[in-house]
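> Sharing my_file-v5.txt below, compact mmCIF, C-alpha atoms:
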```txt
# COMPACT_ATOMS: atom_id res chain seq x y z
CA MET W 23 91.45 109.80 109.15
CA LYS W 24 92.87 110.95 112.45
CA ILE W 25 96.47 109.98 113.10
CA LEU W 26 98.03 110.50 116.48
CA ALA W 27 101.02 108.20 116.44
CA THR W 28 104.46 108.04 117.96
CA ILE W 29 106.96 108.88 115.22
CA VAL W 30 110.04 106.70 114.88
CA LEU W 31 112.78 107.54 112.41
CA SER W 32 115.29 104.90 113.47
CA SER W 33 113.46 101.80 112.31
CA PHE W 34 114.88 99.21 109.94
CA VAL W 35 115.58 99.85 106.27
CA VAL W 36 113.88 97.71 103.66
CA LEU W 37 115.13 98.25 100.15
CA PRO W 38 112.40 97.45 97.64
CA THR W 39 113.87 94.29 96.13
CA ILE W 40 111.09 92.13 94.71
CA THR W 41 111.42 88.51 95.86
CA ARG W 42 107.78 87.38 96.01
CA ALA W 43 105.58 86.28 93.13
CA GLU W 44 104.36 89.10 90.92
CA GLU W 45 100.78 90.26 90.81
CA PRO W 46 98.63 88.63 88.09
CA ASP W 47 98.44 91.78 85.95
CA ASP W 48 102.14 92.69 85.97
CA SER W 49 103.33 90.66 82.99
CA ARG W 50 100.39 91.69 80.80
CA ILE W 51 100.87 95.36 81.62
CA ILE W 52 104.63 95.31 81.00
CA GLN W 53 104.26 93.30 77.81
CA ARG W 54 101.62 95.58 76.32
CA ILE W 55 103.63 98.74 77.03
CA LEU W 56 106.91 97.38 75.71
CA GLU W 57 105.21 95.92 72.63
CA THR W 58 103.81 99.37 71.85
CA ARG W 59 107.26 100.88 72.28
CA ALA W 60 108.74 98.31 69.86
CA ALA W 61 105.94 98.84 67.34
CA ILE W 62 106.44 102.63 67.33
CA THR W 63 110.19 102.24 66.86
CA HIS W 64 109.63 99.78 64.01
CA VAL W 65 107.05 101.90 62.19
CA THR W 66 108.76 105.28 62.59
CA GLY W 67 112.38 104.16 62.43
CA GLN W 68 113.14 106.71 65.16
CA THR W 69 116.18 105.81 67.23
CA ASN W 70 116.18 108.82 69.55
CA ALA W 71 112.51 108.92 70.60
CA ILE W 72 111.70 109.26 74.31
CA PHE W 73 109.07 106.98 75.85
CA LEU W 74 107.31 107.94 79.08
CA ALA W 75 104.92 106.50 81.66
CA PHE W 76 103.18 108.64 84.30
CA TRP W 77 102.25 107.48 87.79
CA ASP W 78 100.08 108.73 90.59
CA PHE W 79 101.84 108.15 93.92
CA ASP W 80 99.63 107.76 97.02
CA GLY W 81 97.63 104.56 96.76
CA THR W 82 99.17 103.67 93.40
CA ILE W 83 102.86 103.32 94.31
CA LEU W 84 102.59 103.75 98.07
CA LYS W 85 100.04 101.95 100.22
CA GLY W 86 98.34 104.74 102.12
CA ASP W 87 99.18 108.41 101.83
CA CYS W 88 102.66 109.81 102.43
CA SER W 89 101.23 113.11 103.73
CA GLU W 90 98.30 111.79 105.79
CA GLY W 91 99.57 108.34 106.85
CA LEU W 92 97.93 104.92 106.87
CA ILE W 93 95.31 103.50 109.22
CA GLU W 94 94.03 99.95 108.87
CA ASN W 95 91.41 98.43 111.18
CA ASP W 96 91.74 101.42 113.54
CA LEU W 97 95.49 100.78 113.82
CA THR W 98 97.99 103.39 112.69
CA ARG W 99 100.49 101.66 110.41
CA TYR W 100 102.52 104.82 109.89
CA ALA W 101 102.18 108.54 110.55
CA GLY W 102 102.13 110.84 107.55
CA LEU W 103 104.92 113.25 106.68
CA ALA W 104 102.71 116.18 107.68
CA GLN W 105 102.78 114.89 111.26
CA VAL W 106 106.46 114.02 111.08
CA ALA W 107 107.38 117.49 109.78
CA ILE W 108 105.36 119.24 112.50
CA ALA W 109 106.94 117.05 115.18
CA HIS W 110 110.38 118.11 113.92
CA GLY W 111 109.55 121.80 114.24
CA PHE W 112 109.23 122.60 110.54
CA SER W 113 105.94 124.49 110.87
CA GLN W 114 105.80 128.03 112.21
CA ILE W 115 102.06 127.82 112.92
CA TYR W 116 101.76 124.35 114.49
CA PRO W 117 104.08 123.64 117.46
CA PRO W 118 105.91 120.28 117.65
CA ASN W 119 104.28 118.93 120.79
CA SER W 120 100.60 119.65 120.22
CA GLY W 121 100.41 121.12 116.75
CA PHE W 122 99.42 118.10 114.72
CA GLU W 123 95.95 117.81 116.27
CA ARG W 124 95.28 121.47 115.44
CA PHE W 125 96.64 121.03 111.93
CA TRP W 126 94.51 117.94 111.30
CA ASN W 127 91.38 119.76 112.42
CA ASP W 128 92.16 122.72 110.15
CA TYR W 129 93.08 120.50 107.19
CA THR W 130 90.00 118.27 107.36
CA ASN W 131 87.70 121.27 107.79
CA ILE W 132 89.17 122.92 104.69
CA ASP W 133 88.88 119.65 102.77
CA SER W 134 85.23 119.04 103.69
CA ARG W 135 83.96 122.63 103.55
CA VAL W 136 85.96 124.04 100.63
CA GLY W 137 87.50 121.15 98.74
CA HIS W 138 90.67 119.31 97.76
CA TRP W 139 91.83 122.20 95.57
CA LEU W 140 92.55 124.26 98.70
CA ALA W 141 93.22 121.48 101.23
CA TYR W 142 95.97 119.67 99.35
CA PRO W 143 98.18 122.75 98.88
CA PHE W 144 97.59 123.67 102.53
CA ILE W 145 99.74 120.73 103.63
CA PRO W 146 103.02 121.97 102.11
CA GLN W 147 102.01 125.60 102.71
CA MET W 148 101.89 125.08 106.49
CA LEU W 149 105.66 124.48 106.25
CA ARG W 150 106.32 128.02 105.04
CA GLY W 151 109.47 129.42 106.57
CA ALA W 152 111.22 126.05 106.81
CA LYS W 153 114.39 125.27 104.89
CA ALA W 154 113.53 123.24 101.79
CA ALA W 155 116.70 121.16 102.14
CA ASP W 156 115.74 120.17 105.70
CA VAL W 157 112.24 119.05 104.67
CA LEU W 158 113.62 117.05 101.75
CA GLN W 159 116.18 115.35 103.99
CA LEU W 160 113.48 114.52 106.53
CA SER W 161 111.41 112.93 103.74
CA ARG W 162 114.39 110.91 102.54
CA ASN W 163 115.04 109.64 106.05
CA TYR W 164 111.40 108.72 106.61
CA PHE W 165 111.19 106.84 103.35
CA SER W 166 114.41 104.94 104.05
CA THR W 167 113.31 103.89 107.54
CA THR W 168 109.54 103.57 107.23
CA LEU W 169 107.67 104.44 104.05
CA SER W 170 109.78 102.29 101.73
CA ASN W 171 108.29 99.26 103.49
CA TYR W 172 104.85 100.24 102.15
CA LEU W 173 105.74 100.63 98.47
CA ARG W 174 103.51 98.48 96.28
CA ALA W 175 105.51 95.49 95.07
CA SER W 176 103.66 95.41 91.76
CA SER W 177 104.28 99.10 91.03
CA VAL W 178 107.98 98.90 91.91
CA HIS W 179 108.32 95.83 89.68
CA ILE W 180 106.59 97.48 86.72
CA ILE W 181 108.60 100.71 87.08
CA ARG W 182 111.86 98.79 87.00
CA GLU W 183 110.90 96.55 84.09
CA LEU W 184 109.77 99.56 82.06
CA GLN W 185 113.06 101.32 82.83
CA ILE W 186 114.98 98.28 81.59
CA GLY W 187 112.81 98.29 78.48
CA GLY W 188 113.50 101.93 77.70
CA VAL W 189 110.43 103.64 79.20
CA GLU W 190 110.99 106.42 81.75
CA SER W 191 108.58 106.65 84.67
CA HIS W 192 107.51 110.04 86.05
CA ILE W 193 105.45 110.58 89.20
CA VAL W 194 102.72 113.24 89.22
CA SER W 195 101.21 113.56 92.68
CA ALA W 196 98.89 115.82 94.67
CA SER W 197 101.23 115.46 97.67
CA GLY W 198 103.86 118.08 98.40
CA ALA W 199 106.85 117.85 96.08
CA LEU W 200 109.35 117.87 98.95
CA PHE W 201 107.51 114.93 100.52
CA ILE W 202 107.33 112.57 97.56
CA LYS W 203 110.82 113.43 96.29
CA GLY W 204 111.99 111.58 99.40
CA ALA W 205 111.07 108.36 97.56
CA SER W 206 113.66 108.97 94.83
CA GLU W 207 116.32 106.60 96.16
CA SER W 208 113.86 103.86 97.10
CA LEU W 209 112.27 103.89 93.65
CA ARG W 210 115.49 104.69 91.74
CA ILE W 211 113.68 107.51 89.98
CA PRO W 212 115.64 110.78 89.56
CA LEU W 213 114.37 113.80 91.49
CA ASN W 214 113.53 115.69 88.30
CA ARG W 215 111.05 112.97 87.34
CA ILE W 216 109.08 113.30 90.59
CA HIS W 217 106.46 116.04 90.50
CA GLY W 218 104.18 117.15 93.34
CA ILE W 219 102.55 120.32 94.64
CA GLU W 220 105.40 122.78 94.43
CA LEU W 221 105.89 126.01 96.36
CA ARG W 222 108.25 128.81 95.40
CA ILE W 223 111.54 128.55 97.28
CA ARG W 224 113.42 131.78 97.91
CA ASP W 225 116.95 131.71 99.31
CA GLY W 226 116.37 128.09 100.30
CA ILE W 227 113.22 128.91 102.32
CA ILE W 228 109.75 127.54 101.54
CA THR W 229 107.13 130.20 100.77
CA GLU W 230 103.33 129.95 100.43
CA GLU W 231 103.44 130.79 96.71
CA LEU W 232 102.17 127.96 94.54
CA VAL W 233 103.97 126.98 91.34
CA TYR W 234 101.43 126.14 88.64
CA PRO W 235 100.08 123.84 87.40
CA VAL W 236 98.99 122.28 90.68
CA PRO W 237 98.97 118.51 90.02
CA TRP W 238 95.49 117.61 91.19
CA ASN W 239 92.56 116.55 88.98
CA GLY W 240 92.93 118.41 85.64
CA GLY W 241 96.17 119.91 86.92
CA LYS W 242 97.81 116.50 86.63
CA ARG W 243 96.98 116.44 82.94
CA ASP W 244 98.40 119.96 82.59
CA LYS W 245 101.57 118.93 84.43
CA ILE W 246 102.03 115.93 82.16
CA GLN W 247 101.72 118.13 79.09
CA GLN W 248 104.32 120.46 80.60
CA VAL W 249 106.68 117.55 81.25
CA ILE W 250 106.25 116.31 77.68
CA ALA W 251 107.15 119.74 76.28
CA GLU W 252 110.15 120.12 78.61
CA THR W 253 111.40 116.60 77.83
CA LYS W 254 111.20 117.29 74.11
CA GLN W 255 113.15 120.51 74.53
CA GLU W 256 115.79 118.87 76.73
CA HIS W 257 116.37 116.20 74.09
CA GLY W 258 116.81 118.58 71.18
CA GLY W 259 113.31 118.21 69.78
CA SER W 260 113.20 114.42 69.81
CA GLN W 261 109.74 112.92 69.60
CA VAL W 262 108.19 112.09 72.97
CA TYR W 263 105.56 109.37 73.32
CA VAL W 264 103.47 108.70 76.42
CA LEU W 265 102.80 104.98 76.53
CA ALA W 266 101.09 104.51 79.88
CA GLY W 267 99.46 106.06 82.93
CA PHE W 268 98.77 104.56 86.36
CA GLY W 269 96.30 105.78 89.01
CA ASP W 270 93.76 104.72 91.61
CA ASN W 271 91.29 107.59 92.06
CA TYR W 272 88.79 108.70 89.43
CA ASN W 273 88.53 112.18 90.94
CA THR W 274 92.21 113.11 91.00
CA ASP W 275 93.61 110.70 88.39
CA GLY W 276 90.76 110.33 85.92
CA PRO W 277 91.57 113.36 83.74
CA PHE W 278 95.23 112.46 83.22
CA LEU W 279 94.48 108.77 82.66
CA GLU W 280 91.87 109.74 80.07
CA PHE W 281 94.39 112.02 78.37
CA VAL W 282 96.86 109.13 78.14
CA ALA W 283 94.28 106.57 77.00
CA ARG W 284 92.84 108.75 74.20
CA GLN W 285 96.15 109.47 72.49
CA THR W 286 96.75 108.36 68.93
CA LEU W 287 100.20 106.78 68.57
CA PRO W 288 102.02 105.87 65.34
CA ALA W 289 101.56 102.21 66.27
CA GLY W 290 99.95 100.30 69.11
CA LYS W 291 97.73 101.79 71.80
CA PRO W 292 98.51 103.64 75.05
CA LEU W 293 97.56 101.91 78.29
CA SER W 294 95.94 103.58 81.29
CA VAL W 295 95.95 101.31 84.33
CA PHE W 296 93.46 101.86 87.15
CA TYR W 297 93.98 100.15 90.50
CA ASP W 298 90.50 99.89 91.96
CA ASN W 299 87.43 97.68 91.71
CA THR W 300 84.80 100.39 92.00
CA ASN W 301 82.45 101.24 89.16
CA ALA W 302 83.88 103.80 86.79
CA PRO W 303 82.02 107.06 86.06
CA ALA W 304 80.27 106.99 82.69
CA GLU W 305 82.94 109.11 80.98
CA TYR W 306 85.68 106.63 81.88
CA ARG W 307 83.81 103.36 81.51
CA GLY W 308 85.74 100.86 79.39
CA LEU W 309 88.64 103.27 78.92
CA PHE W 310 91.08 101.96 81.54
CA TYR W 311 92.76 98.63 82.20
CA LEU W 312 91.51 97.54 85.64
CA ALA W 313 94.23 95.90 87.74
CA CYS W 314 94.98 95.00 91.33
CA HIS W 315 98.02 95.12 93.59
CA ARG W 316 97.75 93.45 96.96
CA THR W 317 101.23 93.25 98.46
CA THR W 318 103.93 95.67 99.50
CA VAL W 319 107.66 95.10 99.12
CA SER W 320 107.85 94.10 102.79
CA GLY W 321 104.57 92.21 102.99
CA LYS W 322 103.08 94.85 105.32
```
Mind turning this structure into structure tokens?


Amino acid sequence: MKILATIVLSSFVVLPTITRAEEPDDSRIIQRILETRAAITHVTGQTNAIFLAFWDFDGTILKGDCSEGLIENDLTRYAGLAQVAIAHGFSQIYPPNSGFERFWNDYTNIDSRVGHWLAYPFIPQMLRGAKAADVLQLSRNYFSTTLSNYLRASSVHIIRELQIGGVESHIVSASGALFIKGASESLRIPLNRIHGIELRIRDGIITEELVYPVPWNGGKRDKIQQVIAETKQEHGGSQVYVLAGFGDNYNTDGPFLEFVARQTLPAGKPLSVFYDNTNAPAEYRGLFYLACHRTTVSGK
């Protein structure tokens, strides 16, 4: 998509409070996950176990793409954070006034000729030399004024109900970490539970050096396994159970959703939710719970 939009950071703030009717799958999804949590607790007798759910971000929690933006019917609904960051002078290679067009041409050429594995990291890498704190603050501001309006009502509702029921949600995204961490306040998810493509930061300055694993395709599965190990260590060796995964793209989310779905738990079954109506590849057919989410928190 090509996005050449006027960027406004002083719009209205919409906090994601769910007031409209829930999506038809919400109650079934929440019930199944919390019933599995209760069954594990009952069977094992563990009182200090940690229960996790993992989410893709763009398309799954956010309508559109926080890096690339959202176009519907040839109308730009919002510019992506890549364009916003360039316009604010955070790229040393793409100037604020005319740089986004050049960036978009470079990015789409890399994506089509080489692949996502190089294109996705290129987005945060083009911000090398910027202060990490400045980029994070820009992302927070843009979420509070604009992007929070496009959060999926169903996803926000499920995240909050799972939190109330004792299941922590983590985000694992192929967007830049400093971009999606801007959603922390809107989603009420701590920064350390939001994981994206991460670059090494030295003396507060963004570098080009990737921090592995890169959370795209199989890298999302690797990142989840890393989070599980770190969570277990942080909680003194307590048992960690992954109860659910949520995604909307077989290419980038399929491997981690399969990993979640094929686990063997002490009781109950894990649930991998896929938000799409396209035919699943043979290796995933019948493995995921197919759901839909139509509305955003603001009705946009």

> Find the distance between CA of Asp48 (chain W) and CA of Ala266 (chain W) and write it in Å to one decimal.

13.3 Å

> Which residue gives the smallest distance to Tyr116 (chain W) among W:Arg150, W:Val157, W:Thr130, W:Tyr142, with only C-alpha atoms counted?

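Under the stated criterion, the closest residue is W:Arg150.
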
> Quote the spacing between CA of Pro277 (chain W) and CA of Leu209 (chain W) in Å to one decimal place.

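Between CA of Pro277 (chain W) and CA of Leu209 (chain W) the gap is 24.8 Å.
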
> Would you pick out the contacts of Ile228 (chain W) at 6 Å or less, using all atoms listed in the file, so that residues sharing its chain but fewer than 5 positions from it are not included, and give the list as a PDB file with C-alpha atoms, in the coordinates of the input?


```pdb
ATOM      1  CA  ARG W 150     106.320 128.020 105.040  1.00  0.00           C
ATOM      2  CA  GLY W 151     109.470 129.420 106.570  1.00  0.00           C
ATOM      3  CA  ALA W 152     111.220 126.050 106.810  1.00  0.00           C
ATOM      4  CA  ALA W 154     113.530 123.240 101.790  1.00  0.00           C
ATOM      5  CA  ILE W 223     111.540 128.550  97.280  1.00  0.00           C
TER       6      ILE W 223
END
```

> Any chance you could tabulate, as JSON lines, the residues of region 194-303 of chain W at most 10 Å from region 55-69 of chain W with each one's nearest atom pair and distance in Å to one decimal, using all atoms listed in the file, in chain and rising number order?


```
{"residue": "W:Ser260", "atom": "CA", "partner": "W:Gln68", "partner_atom": "CA", "distance": 9.0}
{"residue": "W:Gln261", "atom": "CA", "partner": "W:Gln68", "partner_atom": "CA", "distance": 8.4}
{"residue": "W:Tyr263", "atom": "CA", "partner": "W:Arg59", "partner_atom": "CA", "distance": 8.7}
{"residue": "W:Val264", "atom": "CA", "partner": "W:Arg59", "partner_atom": "CA", "distance": 9.6}
{"residue": "W:Leu265", "atom": "CA", "partner": "W:Ile55", "partner_atom": "CA", "distance": 6.3}
{"residue": "W:Ala266", "atom": "CA", "partner": "W:Ile55", "partner_atom": "CA", "distance": 6.9}
{"residue": "W:Leu287", "atom": "CA", "partner": "W:Ile62", "partner_atom": "CA", "distance": 7.6}
{"residue": "W:Pro288", "atom": "CA", "partner": "W:Ile62", "partner_atom": "CA", "distance": 5.8}
{"residue": "W:Ala289", "atom": "CA", "partner": "W:Ile62", "partner_atom": "CA", "distance": 5.0}
{"residue": "W:Gly290", "atom": "CA", "partner": "W:Thr58", "partner_atom": "CA", "distance": 4.8}
{"residue": "W:Lys291", "atom": "CA", "partner": "W:Thr58", "partner_atom": "CA", "distance": 6.5}
{"residue": "W:Pro292", "atom": "CA", "partner": "W:Ile55", "partner_atom": "CA", "distance": 7.4}
{"residue": "W:Leu293", "atom": "CA", "partner": "W:Ile55", "partner_atom": "CA", "distance": 7.0}
```

> With all atoms listed in the file as the atoms that count, which of W:Asp47, W:His217, W:His315, W:Val189 lies nearest to Val262 (chain W)?

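Answer, going by the shortest atom-to-atom distance: W:Val189.
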
> Measuring between only C-alpha atoms, which one of W:Ser294, W:Ile211, W:Phe125, W:Asn131 shows the shortest distance to Val178 (chain W)?

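Of all the options, W:Ile211 lies closest to Val178 (chain W).
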
> Could you state the separation of CA of Leu160 (chain W) and CA of Gly204 (chain W) in Å, given to one decimal place?

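Separation between CA of Leu160 (chain W) and CA of Gly204 (chain W): 7.9 Å.
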